[in-house]
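Peer 1: Sharing query.cif below, mmCIF, C-alpha atoms and all ligand atoms:
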data_coords
loop_
_atom_site.label_atom_id
_atom_site.label_comp_id
_atom_site.auth_asym_id
_atom_site.auth_seq_id
_atom_site.Cartn_x
_atom_site.Cartn_y
_atom_site.Cartn_z
CA MET A 286 233.76 308.47 -100.86
CA ARG A 287 232.01 305.75 -102.84
CA ARG A 288 229.66 303.60 -100.78
CA ILE A 289 231.70 300.43 -101.22
CA ASP A 290 234.83 302.16 -99.93
CA GLN A 291 233.10 302.76 -96.60
CA ILE A 292 232.56 299.04 -96.02
CA GLU A 293 235.01 297.75 -93.43
CA PRO A 294 236.13 294.13 -93.34
CA PHE A 295 234.62 291.90 -90.65
CA ARG A 296 237.91 291.93 -88.72
CA VAL A 297 237.29 288.90 -86.54
CA MET A 298 237.27 286.89 -89.78
CA GLN A 299 240.73 288.29 -90.58
CA LEU A 300 241.96 287.30 -87.12
CA LEU A 301 240.54 283.84 -87.72
CA GLU A 302 242.40 283.64 -91.03
CA ARG A 303 245.70 284.47 -89.30
CA ALA A 304 244.97 281.85 -86.63
CA LYS A 305 244.28 279.27 -89.37
CA GLN A 306 247.55 280.22 -91.08
CA LEU A 307 249.44 279.56 -87.83
CA GLU A 308 247.62 276.24 -87.50
CA ALA A 309 248.65 275.32 -91.04
CA GLU A 310 252.25 275.96 -89.93
CA GLY A 311 251.77 273.38 -87.16
CA ARG A 312 250.88 275.62 -84.16
CA ARG A 313 247.99 274.65 -81.89
CA ILE A 314 245.77 277.70 -81.44
CA VAL A 315 243.11 278.16 -78.76
CA HIS A 316 240.11 279.90 -80.30
CA LEU A 317 238.43 282.37 -77.98
CA GLU A 318 237.56 284.75 -80.82
CA ILE A 319 234.83 283.04 -82.84
CA GLY A 320 231.17 283.77 -82.24
CA GLU A 321 230.03 280.44 -83.64
CA PRO A 322 228.66 277.55 -81.52
CA ASP A 323 231.06 274.62 -81.27
CA PHE A 324 228.12 272.19 -81.01
CA PRO A 325 226.80 270.20 -83.97
CA THR A 326 223.29 270.71 -85.32
CA PRO A 327 220.78 268.95 -83.00
CA PRO A 328 220.14 265.38 -84.31
CA PRO A 329 216.34 265.81 -84.76
CA VAL A 330 217.08 268.67 -87.18
CA LEU A 331 219.41 266.45 -89.23
CA GLU A 332 216.78 263.72 -89.22
CA ALA A 333 214.09 266.12 -90.44
CA ALA A 334 216.43 267.40 -93.17
CA ARG A 335 217.14 263.83 -94.38
CA LYS A 336 213.43 263.09 -94.52
CA TRP A 337 212.74 266.29 -96.41
CA LEU A 338 215.47 265.50 -98.96
CA ASP A 339 213.64 262.25 -99.72
CA THR A 340 210.51 264.15 -100.69
CA GLY A 341 212.50 265.79 -103.48
CA ASP A 342 210.70 269.08 -102.87
CA LEU A 343 213.64 271.45 -103.12
CA PHE A 344 211.92 274.12 -105.16
CA TYR A 345 211.55 277.75 -104.16
CA THR A 346 209.15 278.40 -101.31
CA PRO A 347 207.04 281.58 -101.37
CA SER A 348 209.37 284.59 -100.95
CA THR A 349 208.18 285.36 -97.44
CA GLY A 350 208.83 281.77 -96.36
CA ALA A 351 207.37 278.27 -96.18
CA PRO A 352 203.93 278.72 -94.58
CA ALA A 353 204.59 275.68 -92.35
CA LEU A 354 207.62 277.41 -90.79
CA GLN A 355 205.80 280.72 -90.40
CA THR A 356 202.97 278.91 -88.60
CA ALA A 357 205.38 276.92 -86.41
CA LEU A 358 207.19 280.13 -85.42
CA SER A 359 203.91 281.85 -84.63
CA ALA A 360 203.02 278.96 -82.24
CA TRP A 361 206.54 279.12 -80.80
CA TYR A 362 206.15 282.84 -79.93
CA ASN A 363 202.99 281.96 -78.12
CA GLN A 364 204.73 279.25 -76.10
CA GLU A 365 207.99 281.07 -75.51
CA TYR A 366 206.79 284.62 -74.80
CA ASP A 367 203.03 284.28 -74.47
CA ILE A 368 202.42 286.64 -77.36
CA ASP A 369 200.33 286.37 -80.52
CA VAL A 370 202.14 287.03 -83.77
CA ALA A 371 200.27 286.44 -87.03
CA PRO A 372 202.26 283.99 -89.23
CA GLU A 373 202.21 286.38 -92.20
CA ARG A 374 204.19 288.95 -90.19
CA ILE A 375 207.04 286.45 -89.77
CA LEU A 376 209.26 286.66 -92.84
CA ILE A 377 211.84 283.90 -93.34
CA THR A 378 215.28 285.08 -94.42
CA PRO A 379 218.72 283.63 -95.26
CA GLY A 380 220.14 284.08 -91.73
CA THR A 381 219.47 287.16 -89.65
CA SER A 382 222.06 288.78 -91.92
CA GLY A 383 219.50 288.39 -94.74
CA ALA A 384 216.88 289.98 -92.47
CA PHE A 385 219.06 293.03 -91.89
CA SER A 386 219.79 293.60 -95.59
CA LEU A 387 216.06 293.32 -96.18
CA ILE A 388 214.83 295.74 -93.54
CA TYR A 389 217.40 298.43 -94.24
CA ALA A 390 216.58 298.20 -97.97
CA VAL A 391 212.92 298.71 -97.06
CA LEU A 392 213.34 301.43 -94.42
CA LEU A 393 216.11 303.70 -95.65
CA GLU A 394 216.30 306.48 -98.21
CA ALA A 395 219.77 307.85 -99.04
CA GLY A 396 221.31 309.65 -96.06
CA GLU A 397 218.72 308.53 -93.49
CA SER A 398 220.20 307.47 -90.20
CA VAL A 399 219.95 304.57 -87.77
CA LEU A 400 221.11 304.73 -84.14
CA LEU A 401 223.50 302.02 -82.95
CA SER A 402 225.42 301.31 -79.77
CA ASP A 403 229.22 301.54 -79.74
CA PRO A 404 230.40 298.88 -78.91
CA GLY A 405 228.03 296.79 -80.99
CA TYR A 406 227.81 294.06 -83.62
CA PRO A 407 230.09 295.44 -86.35
CA CYS A 408 228.15 294.28 -89.43
CA GLN A 409 225.20 296.54 -88.53
CA ARG A 410 226.87 299.74 -89.65
CA ASN A 411 227.87 298.15 -92.95
CA PHE A 412 224.35 296.87 -93.67
CA ILE A 413 223.14 300.43 -93.13
CA ARG A 414 225.82 301.96 -95.36
CA LEU A 415 225.10 299.45 -98.13
CA ALA A 416 221.47 300.55 -98.10
CA GLY A 417 222.67 304.17 -98.51
CA GLY A 418 221.95 305.07 -94.89
CA GLU A 419 224.12 306.52 -92.20
CA PRO A 420 224.95 304.70 -88.96
CA VAL A 421 225.06 306.91 -85.86
CA ASN A 422 227.36 305.17 -83.39
CA ILE A 423 226.53 306.14 -79.82
CA PRO A 424 229.09 305.45 -77.07
CA VAL A 425 227.62 303.26 -74.32
CA GLY A 426 229.17 301.98 -71.12
CA PRO A 427 228.42 300.06 -67.94
CA GLU A 428 225.93 302.71 -66.71
CA SER A 429 223.40 301.54 -69.34
CA ARG A 430 224.69 297.94 -69.30
CA TYR A 431 226.29 298.75 -72.70
CA HIS A 432 222.89 299.35 -74.31
CA LEU A 433 221.20 302.37 -75.83
CA SER A 434 218.85 304.08 -73.40
CA ALA A 435 215.76 306.23 -73.97
CA ASP A 436 217.84 309.31 -73.03
CA LEU A 437 220.60 308.48 -75.49
CA ILE A 438 218.06 307.91 -78.25
CA HIS A 439 216.44 311.30 -77.54
CA GLN A 440 219.84 313.00 -77.49
CA HIS A 441 221.05 311.56 -80.80
CA TRP A 442 217.80 311.36 -82.78
CA ARG A 443 217.86 313.53 -85.92
CA PRO A 444 214.99 314.62 -88.15
CA ASN A 445 216.13 312.01 -90.69
CA SER A 446 216.54 309.14 -88.20
CA ARG A 447 214.45 306.06 -88.98
CA ALA A 448 215.32 303.51 -86.33
CA ALA A 449 217.36 302.52 -83.29
CA VAL A 450 218.88 299.06 -82.93
CA LEU A 451 219.00 297.03 -79.73
CA ILE A 452 221.06 293.83 -79.57
CA ASN A 453 219.88 292.00 -76.48
CA PRO A 454 221.76 290.07 -75.12
CA SER A 455 224.54 292.18 -76.56
CA ASN A 456 227.34 291.16 -78.83
CA PRO A 457 230.12 291.92 -77.73
CA THR A 458 229.24 292.45 -74.05
CA GLY A 459 226.80 289.60 -73.31
CA THR A 460 224.78 292.00 -71.13
CA LEU A 461 221.00 292.19 -71.01
CA ILE A 462 219.01 295.38 -70.89
CA GLU A 463 216.78 295.93 -67.83
CA PRO A 464 213.09 295.35 -68.72
CA ARG A 465 212.23 298.89 -67.53
CA ALA A 466 214.86 300.47 -69.78
CA PHE A 467 213.65 298.24 -72.65
CA ALA A 468 210.07 299.44 -72.19
CA ASP A 469 211.26 303.08 -72.15
CA ILE A 470 213.15 302.58 -75.42
CA THR A 471 210.12 301.11 -77.16
CA THR A 472 208.00 304.07 -76.05
CA THR A 473 210.66 306.58 -77.08
CA CYS A 474 211.06 305.15 -80.59
CA ARG A 475 207.33 305.22 -81.03
CA GLU A 476 207.05 308.82 -79.83
CA LEU A 477 209.83 309.89 -82.18
CA GLY A 478 208.03 308.21 -85.09
CA GLY A 479 210.80 305.66 -85.70
CA TYR A 480 211.22 301.91 -85.46
CA LEU A 481 212.94 299.90 -82.76
CA ILE A 482 214.87 297.07 -84.39
CA SER A 483 215.45 294.35 -81.81
CA ASP A 484 218.14 291.77 -82.60
CA GLU A 485 217.17 288.76 -80.48
CA ILE A 486 219.55 286.19 -81.96
CA TYR A 487 221.03 285.35 -78.54
CA HIS A 488 217.65 284.70 -76.91
CA GLY A 489 217.57 281.32 -75.21
CA LEU A 490 221.23 281.71 -74.27
CA THR A 491 220.73 283.49 -70.97
CA TYR A 492 221.87 282.51 -67.51
CA GLY A 493 219.81 283.10 -64.39
CA THR A 494 217.37 285.36 -66.22
CA ARG A 495 215.29 285.46 -69.39
CA ALA A 496 215.44 287.95 -72.25
CA ARG A 497 212.28 289.82 -73.14
CA CYS A 498 211.01 290.06 -76.71
CA ALA A 499 210.38 293.62 -77.93
CA LEU A 500 206.87 292.52 -78.94
CA GLU A 501 206.05 291.95 -75.26
CA PHE A 502 206.20 295.75 -74.96
CA VAL A 503 204.98 297.04 -78.31
CA GLN A 504 203.57 295.55 -81.55
CA HIS A 505 205.25 298.21 -83.70
CA ALA A 506 208.84 296.91 -83.21
CA ILE A 507 210.85 294.99 -85.81
CA VAL A 508 212.19 291.75 -84.29
CA VAL A 509 215.07 289.85 -85.86
CA ASN A 510 216.07 286.35 -84.80
CA GLY A 511 217.48 283.17 -86.31
CA PHE A 512 218.65 279.61 -85.85
CA SER A 513 222.43 280.23 -85.88
CA LYS A 514 223.16 280.60 -82.17
CA ARG A 515 220.61 278.99 -79.84
CA TRP A 516 220.14 276.05 -82.22
CA ALA A 517 223.79 275.92 -83.38
CA MET A 518 222.78 276.10 -87.06
CA THR A 519 225.11 278.76 -88.53
CA GLY A 520 225.71 277.08 -91.89
CA TRP A 521 222.01 276.46 -92.56
CA ARG A 522 221.62 280.20 -93.20
CA ILE A 523 218.19 280.59 -91.77
CA GLY A 524 216.58 283.38 -89.76
CA TRP A 525 213.45 285.50 -89.63
CA VAL A 526 212.18 289.01 -89.12
CA ILE A 527 208.83 290.03 -87.65
CA VAL A 528 207.55 293.26 -89.15
CA PRO A 529 204.46 295.40 -88.54
CA GLU A 530 201.69 294.60 -91.02
CA SER A 531 202.25 297.90 -92.83
CA LEU A 532 205.72 296.74 -93.97
CA ILE A 533 204.81 293.23 -95.20
CA ASP A 534 204.09 294.20 -98.79
CA ALA A 535 207.29 296.26 -99.20
CA CYS A 536 209.33 293.45 -97.65
CA ARG A 537 207.76 290.85 -99.94
CA ARG A 538 208.65 292.89 -103.03
CA VAL A 539 212.27 293.28 -101.89
CA MET A 540 212.54 289.59 -100.96
CA GLN A 541 211.20 288.51 -104.36
CA ASN A 542 214.00 290.50 -105.95
CA ILE A 543 217.05 290.14 -103.72
CA PHE A 544 217.00 286.49 -102.69
CA ILE A 545 213.71 285.00 -104.00
CA ALA A 546 213.42 282.76 -100.91
CA ALA A 547 215.43 281.34 -98.00
CA PRO A 548 216.88 277.82 -98.58
CA THR A 549 214.01 275.32 -98.77
CA LEU A 550 215.79 272.45 -97.02
CA SER A 551 216.83 274.69 -94.12
CA GLN A 552 213.32 276.04 -93.72
CA HIS A 553 211.87 272.56 -93.29
CA ALA A 554 214.67 271.40 -91.00
CA ALA A 555 214.15 274.52 -88.87
CA ILE A 556 210.60 273.43 -88.02
CA ALA A 557 212.13 270.44 -86.19
CA ALA A 558 214.55 272.76 -84.37
CA LEU A 559 211.61 274.44 -82.65
CA ASN A 560 210.93 271.15 -80.83
CA CYS A 561 214.51 270.70 -79.61
CA ALA A 562 214.11 272.21 -76.15
CA GLN A 563 216.12 269.43 -74.52
CA GLU A 564 219.05 269.72 -76.93
CA THR A 565 219.21 273.52 -76.68
CA GLU A 566 219.01 273.35 -72.89
CA SER A 567 222.04 271.07 -72.66
CA MET A 568 224.03 273.48 -74.86
CA ARG A 569 222.94 276.37 -72.64
CA LEU A 570 224.10 274.56 -69.52
CA ALA A 571 227.49 273.87 -71.11
CA TYR A 572 227.89 277.56 -72.03
CA ASP A 573 226.99 278.53 -68.48
CA GLU A 574 229.67 276.26 -67.03
CA ARG A 575 232.27 277.91 -69.30
CA ARG A 576 230.97 281.38 -68.46
CA CYS A 577 231.27 280.74 -64.71
CA PHE A 578 234.81 279.38 -65.13
CA LEU A 579 235.93 282.45 -67.11
CA LEU A 580 234.18 284.89 -64.76
CA LYS A 581 236.29 283.43 -61.96
CA LYS A 582 239.63 283.08 -63.80
CA LEU A 583 239.82 286.22 -65.94
CA PRO A 584 239.73 288.70 -63.02
CA GLU A 585 242.53 286.70 -61.34
CA LEU A 586 244.65 287.49 -64.42
CA GLY A 587 243.87 291.23 -64.28
CA PHE A 588 240.90 291.44 -66.69
CA ASP A 589 238.19 293.71 -65.36
CA ILE A 590 234.62 292.55 -66.06
CA VAL A 591 232.56 295.56 -65.05
CA ILE A 592 229.10 294.11 -65.67
CA GLU A 593 228.55 290.38 -65.36
CA PRO A 594 227.38 289.08 -68.74
CA GLN A 595 224.18 287.05 -68.49
CA GLY A 596 223.68 286.12 -72.11
CA GLY A 597 225.14 285.00 -75.42
CA PHE A 598 228.61 283.46 -75.25
CA TYR A 599 230.76 286.54 -74.79
CA ILE A 600 232.70 288.32 -72.07
CA TYR A 601 233.79 291.89 -72.71
CA ALA A 602 236.71 292.67 -70.47
CA ASN A 603 238.54 295.89 -69.69
CA VAL A 604 242.29 295.43 -70.15
CA LYS A 605 243.44 298.81 -68.75
CA ASN A 606 245.36 297.05 -65.98
CA ILE A 607 247.24 294.95 -68.51
CA THR A 608 247.84 297.07 -71.62
CA SER A 609 246.95 300.41 -73.22
CA HIS A 610 246.74 298.82 -76.68
CA ALA A 611 244.17 296.05 -76.90
CA ARG A 612 244.91 295.51 -80.59
CA ASP A 613 248.65 294.94 -80.04
CA PHE A 614 247.86 292.81 -77.02
CA CYS A 615 245.58 290.55 -79.07
CA ARG A 616 248.15 290.32 -81.86
CA ASP A 617 250.93 289.34 -79.43
CA LEU A 618 248.68 286.91 -77.58
CA LEU A 619 247.96 285.14 -80.87
CA GLU A 620 251.50 285.17 -82.22
CA GLN A 621 253.32 284.38 -78.98
CA ALA A 622 250.87 282.44 -76.81
CA GLY A 623 248.67 280.94 -79.55
CA VAL A 624 245.41 282.28 -78.07
CA ALA A 625 242.99 284.15 -80.34
CA VAL A 626 240.92 286.88 -78.64
CA THR A 627 239.09 289.73 -80.40
CA PRO A 628 240.21 293.34 -79.81
CA GLY A 629 237.61 295.95 -78.86
CA GLU A 630 238.16 297.89 -82.10
CA ASP A 631 236.14 295.24 -83.94
CA PHE A 632 233.01 296.51 -82.22
CA GLY A 633 233.41 300.27 -82.54
CA SER A 634 235.74 303.03 -81.45
CA PHE A 635 234.56 304.02 -77.96
CA GLN A 636 237.26 302.92 -75.48
CA ALA A 637 238.07 300.22 -78.01
CA ASN A 638 241.73 300.04 -77.09
CA GLU A 639 240.80 299.28 -73.48
CA HIS A 640 238.70 296.21 -74.24
CA VAL A 641 238.83 292.69 -75.62
CA ARG A 642 236.06 290.16 -76.23
CA PHE A 643 236.34 286.55 -75.14
CA SER A 644 234.02 284.05 -76.78
CA TYR A 645 233.25 280.86 -74.89
CA ALA A 646 231.77 279.07 -77.89
CA THR A 647 234.61 276.62 -77.51
CA GLY A 648 235.12 273.47 -75.39
CA MET A 649 236.06 273.49 -71.70
CA ASP A 650 239.46 271.85 -72.33
CA ASP A 651 240.46 274.60 -74.73
CA ILE A 652 239.16 277.28 -72.39
CA ARG A 653 241.29 275.87 -69.56
CA GLU A 654 244.31 275.72 -71.86
CA GLY A 655 243.65 279.28 -73.05
CA ILE A 656 243.58 280.57 -69.48
CA ARG A 657 246.79 278.69 -68.69
CA ARG A 658 248.53 280.20 -71.73
CA ILE A 659 247.32 283.74 -71.07
CA GLY A 660 248.52 283.42 -67.45
CA ALA A 661 251.95 282.24 -68.60
CA TYR A 662 252.15 285.00 -71.23
CA LEU A 663 251.27 287.71 -68.71
CA SER A 664 253.78 286.50 -66.17
CA GLY A 665 256.46 286.39 -68.89
CA ASP A 666 257.01 282.60 -68.74
C1 LIG B 1 224.26 290.20 -82.87
C2 LIG B 1 224.30 289.37 -84.11
N1 LIG B 1 223.33 289.54 -85.03
C3 LIG B 1 223.35 288.83 -86.17
C4 LIG B 1 224.35 287.90 -86.44
C5 LIG B 1 224.31 287.16 -87.77
O1 LIG B 1 223.88 285.86 -87.66
P1 LIG B 1 223.29 284.97 -88.84
O2 LIG B 1 223.35 285.74 -90.10
O3 LIG B 1 224.12 283.72 -88.87
O4 LIG B 1 221.87 284.68 -88.45
C6 LIG B 1 225.36 287.69 -85.51
C7 LIG B 1 226.47 286.75 -85.80
O5 LIG B 1 227.47 286.69 -85.11
C8 LIG B 1 225.34 288.46 -84.30
O6 LIG B 1 226.28 288.32 -83.36
#
Now that the file is in, can you turn its structure into structure tokens?
Ligand SMILES: Cc1ncc(COP(=O)(O)O)c(C=O)c1O
Peer 2:
Amino acid sequence: MRRIDQIEPFRVMQLLERAKQLEAEGRRIVHLEIGEPDFPTPPPVLEAARKWLDTGDLFYTPSTGAPALQTALSAWYNQEYDIDVAPERILITPGTSGAFSLIYAVLLEAGESVLLSDPGYPCQRNFIRLAGGEPVNIPVGPESRYHLSADLIHQHWRPNSRAAVLINPSNPTGTLIEPRAFADITTTCRELGGYLISDEIYHGLTYGTRARCALEFVQHAIVVNGFSKRWAMTGWRIGWVIVPESLIDACRRVMQNIFIAAPTLSQHAAIAALNCAQETESMRLAYDERRCFLLKKLPELGFDIVIEPQGGFYIYANVKNITSHARDFCRDLLEQAGVAVTPGEDFGSFQANEHVRFSYATGMDDIREGIRRIGAYLSGD
């Protein structure tokens, strides 16, 4: 099969398109499917962007990023995690999506494999395939809090494996890995001679606990993060990746070729985002209120939440008590009740038909209405 034929669509976007179609026909749809913050960009970021526009400096930055942002991020790691990261190891990318295309282009030769959790963020396997690599999807469940474990990595590692990916907090499950299990994974990857790639895009969106950065355990990890979620800046297309020093030169060469540099305006606005602790905290508190509401209401409707999610803005629920076909259930829920929820199959194949993902990146009024509609649908009203 040609490489491009292996690339699956990002199905949640297709679901969104159908929901928009229904809205165009006059239906009011409750969106519990989208993984995009419903909050606007924090005002100090907009202010910084306006000021930067006035300077007129909208030329390319160096490929690895505006030095001022690299330095600000380095200071931020010190504040946030109490770790030292040299600014030149922090490479600025067009979203974390840009970071993933970059690192797989740098790490993978044709046919080399990368270990992923199933369920997991669906774009990962396609980034790997586009770089000529092979994703190894490893079924995970509640026993490892839906994360890869050191044992699973040992079991599935092949001579041609290059890396294992951890998404913590997880999309789609919102669960965090235990620090002990995290430490074991970092050691295992190192012993096997591979990289741990840690996707930390949902850091800062945790409830009652904090997420650990992979670099708190080991300097050799590759850490990916960005401004889309915690700072509600999806459309600014800005993220970063921290790489070991030995990879900087290869990354720079790839960056010079594939995107030249991340957007200049976004890079300078992002510096202001790092000082928006108050704004991000009020968003976090709002997410937590929604999370607590759903954690109470969904089980009353028959959804089984096996592990309480403590991060991101997702709840991954088992629907065995309601249906044996999550995909059909989600389709009917959208068409008949006007509530969009993502079926498990978007995130892999393991027990996919038994699960759905709820996103609470939507306002409390809509969440209440969604619950009311799902309740009415299930009781046949
Ligand atoms: C786990 C995870 N990683 C990466 C991304 C991509 O984010 P962006 O490219 O906007 O930084 C997403 C988006 O939903 C995500 O859920």
Peer 1: Pick the closest to Thr473 (chain A) from A:Glu485, A:Ile438, A:Thr494, A:Arg616: which is it, counting all atoms listed in the file?
Peer 2: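 Nearest candidate to Thr473 (chain A) out of A:Glu485, A:Ile438, A:Thr494, A:Arg616: A:Ile438.
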Peer 1: Go through A:Leu300, A:Val624, A:Val526, A:Ile507 and flag the residue nearest ligand LIG 1 (chain B), using all atoms listed in the file for the distances.
Peer 2: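 Once distances to ligand LIG 1 (chain B) are computed over all atoms listed in the file, the minimum belongs to A:Val526.
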Peer 1: Which residues sit within 7 Å of ligand LIG 1 (chain B), counting only C-alpha atoms and all ligand atoms, listed as a PDB file with C-alpha atoms, keeping the file's coordinate frame?
Peer 2:
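Contents of selection34.pdb, freshly written:
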ATOM      1  CA  GLY A 320     231.170 283.770 -82.240  1.00  0.00           C
ATOM      2  CA  GLU A 321     230.030 280.440 -83.640  1.00  0.00           C
ATOM      3  CA  GLY A 380     220.140 284.080 -91.730  1.00  0.00           C
ATOM      4  CA  THR A 381     219.470 287.160 -89.650  1.00  0.00           C
ATOM      5  CA  SER A 382     222.060 288.780 -91.920  1.00  0.00           C
ATOM      6  CA  GLY A 383     219.500 288.390 -94.740  1.00  0.00           C
ATOM      7  CA  TYR A 406     227.810 294.060 -83.620  1.00  0.00           C
ATOM      8  CA  ILE A 452     221.060 293.830 -79.570  1.00  0.00           C
ATOM      9  CA  SER A 455     224.540 292.180 -76.560  1.00  0.00           C
ATOM     10  CA  ASN A 456     227.340 291.160 -78.830  1.00  0.00           C
ATOM     11  CA  ASP A 484     218.140 291.770 -82.600  1.00  0.00           C
ATOM     12  CA  ILE A 486     219.550 286.190 -81.960  1.00  0.00           C
ATOM     13  CA  GLY A 511     217.480 283.170 -86.310  1.00  0.00           C
ATOM     14  CA  PHE A 512     218.650 279.610 -85.850  1.00  0.00           C
ATOM     15  CA  SER A 513     222.430 280.230 -85.880  1.00  0.00           C
ATOM     16  CA  THR A 519     225.110 278.760 -88.530  1.00  0.00           C
ATOM     17  CA  ARG A 522     221.620 280.200 -93.200  1.00  0.00           C
ATOM     18  CA  ILE A 523     218.190 280.590 -91.770  1.00  0.00           C
ATOM     19  CA  GLY A 524     216.580 283.380 -89.760  1.00  0.00           C
TER      20      GLY A 524
END
Peer 1: So, counting all atoms listed in the file, which residue among A:Arg495, A:Arg335, A:Arg569, A:Arg465 is closest to Trp516 (chain A)?
Peer 2: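 The closest residue to Trp516 (chain A) is A:Arg569.
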Peer 1: Take CA of Ile314 (chain A) and CA of Phe598 (chain A) and report the distance between them in Å, one decimal.
Peer 2: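 Computed distance, CA of Ile314 (chain A) to CA of Phe598 (chain A), equals 19.1 Å.
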Peer 1: Which of these, A:Val450, A:Ala557, A:Ala353, A:Ile377, has the shortest distance to Ser434 (chain A) once you count all atoms listed in the file?
Peer 2: A:Val450
Peer 1: For a test of reading the model, state the distance in Å between CA of Arg288 (chain A) and CA of Ser398 (chain A), rounded to one decimal.
Peer 2: 14.7 Å
Peer 1: Just give me the gap between CA of Glu654 (chain A) and CA of Met298 (chain A) in Å, one decimal is fine.
Peer 2: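 Separation of CA of Glu654 (chain A) and CA of Met298 (chain A): 22.3 Å.
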Peer 1: Here is a test: counting only C-alpha atoms, which residue of A:Ser634, A:Ser483, A:Thr346, A:Ser359 is nearest to Ile423 (chain A)?
Peer 2: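 The shortest atom-to-atom distance to Ile423 (chain A) comes from A:Ser634.
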Peer 1: Return the padded bounding box of region 599-611 of chain A as lines of an AutoDock Vina configuration file: axis-aligned, built from all atoms listed in the file, 6 Å added on each side, with centre and edge lengths in Å to one decimal.
Peer 2:
center_x = 239.3
center_y = 293.5
center_z = -71.4
size_x = 29.1
size_y = 25.9
size_z = 22.9
Peer 1: Which residues come within 12 Å of Cys408 (chain A), counting only C-alpha atoms, excluding same-chain residues fewer than 2 positions away, as a PDB file with C-alpha atoms, in the coordinates of the input?
Peer 2:
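And here is the file that came out, part_6.pdb:
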ATOM      1  CA  ILE A 292     232.560 299.040 -96.020  1.00  0.00           C
ATOM      2  CA  GLU A 293     235.010 297.750 -93.430  1.00  0.00           C
ATOM      3  CA  PRO A 294     236.130 294.130 -93.340  1.00  0.00           C
ATOM      4  CA  PHE A 295     234.620 291.900 -90.650  1.00  0.00           C
ATOM      5  CA  ARG A 296     237.910 291.930 -88.720  1.00  0.00           C
ATOM      6  CA  VAL A 297     237.290 288.900 -86.540  1.00  0.00           C
ATOM      7  CA  MET A 298     237.270 286.890 -89.780  1.00  0.00           C
ATOM      8  CA  THR A 381     219.470 287.160 -89.650  1.00  0.00           C
ATOM      9  CA  SER A 382     222.060 288.780 -91.920  1.00  0.00           C
ATOM     10  CA  GLY A 383     219.500 288.390 -94.740  1.00  0.00           C
ATOM     11  CA  PHE A 385     219.060 293.030 -91.890  1.00  0.00           C
ATOM     12  CA  SER A 386     219.790 293.600 -95.590  1.00  0.00           C
ATOM     13  CA  LEU A 401     223.500 302.020 -82.950  1.00  0.00           C
ATOM     14  CA  PRO A 404     230.400 298.880 -78.910  1.00  0.00           C
ATOM     15  CA  GLY A 405     228.030 296.790 -80.990  1.00  0.00           C
ATOM     16  CA  TYR A 406     227.810 294.060 -83.620  1.00  0.00           C
ATOM     17  CA  ARG A 410     226.870 299.740 -89.650  1.00  0.00           C
ATOM     18  CA  ASN A 411     227.870 298.150 -92.950  1.00  0.00           C
ATOM     19  CA  PHE A 412     224.350 296.870 -93.670  1.00  0.00           C
ATOM     20  CA  ILE A 413     223.140 300.430 -93.130  1.00  0.00           C
ATOM     21  CA  ARG A 414     225.820 301.960 -95.360  1.00  0.00           C
ATOM     22  CA  LEU A 415     225.100 299.450 -98.130  1.00  0.00           C
ATOM     23  CA  PRO A 420     224.950 304.700 -88.960  1.00  0.00           C
ATOM     24  CA  ASN A 456     227.340 291.160 -78.830  1.00  0.00           C
ATOM     25  CA  ASP A 631     236.140 295.240 -83.940  1.00  0.00           C
ATOM     26  CA  PHE A 632     233.010 296.510 -82.220  1.00  0.00           C
ATOM     27  CA  GLY A 633     233.410 300.270 -82.540  1.00  0.00           C
TER      28      GLY A 633
END
Peer 1: Would you kindly return, as a compact mmCIF listing (two decimals) with C-alpha atoms, in the frame of the given file, each protein, DNA or RNA residue with an atom no farther than 8 Å from any atom of His432 (chain A), considering only C-alpha atoms and excluding same-chain residues fewer than 4 positions away?
Peer 2:
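Final output, saved to selection-v9.txt:
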# COMPACT_ATOMS: atom_id res chain seq x y z
CA SER A 402 225.42 301.31 -79.77
CA VAL A 425 227.62 303.26 -74.32
CA GLY A 426 229.17 301.98 -71.12
CA LEU A 451 219.00 297.03 -79.73
CA ILE A 452 221.06 293.83 -79.57
CA SER A 455 224.54 292.18 -76.56
CA ILE A 462 219.01 295.38 -70.89
Peer 1: Where atoms are missing, can you supply N, CA and C atoms for region 408-414 of chain A and output the lot as a short mmCIF file (atom, residue, chain, number, x, y, z; two decimals), in the frame of the given file?
Peer 2:
data_model
loop_
_atom_site.label_atom_id
_atom_site.label_comp_id
_atom_site.auth_asym_id
_atom_site.auth_seq_id
_atom_site.Cartn_x
_atom_site.Cartn_y
_atom_site.Cartn_z
N CYS A 408 228.74 294.33 -88.09
CA CYS A 408 228.15 294.28 -89.43
C CYS A 408 227.00 295.28 -89.59
N GLN A 409 226.35 295.62 -88.46
CA GLN A 409 225.20 296.54 -88.53
C GLN A 409 225.51 297.79 -89.33
N ARG A 410 226.64 298.46 -88.98
CA ARG A 410 226.87 299.74 -89.65
C ARG A 410 227.10 299.55 -91.14
N ASN A 411 227.63 298.39 -91.52
CA ASN A 411 227.87 298.15 -92.95
C ASN A 411 226.58 297.82 -93.71
N PHE A 412 225.67 297.11 -93.04
CA PHE A 412 224.35 296.87 -93.67
C PHE A 412 223.68 298.22 -93.97
N ILE A 413 223.80 299.12 -93.00
CA ILE A 413 223.14 300.43 -93.13
C ILE A 413 223.78 301.23 -94.27
N ARG A 414 225.11 301.22 -94.29
CA ARG A 414 225.82 301.96 -95.36
C ARG A 414 225.47 301.38 -96.73
#
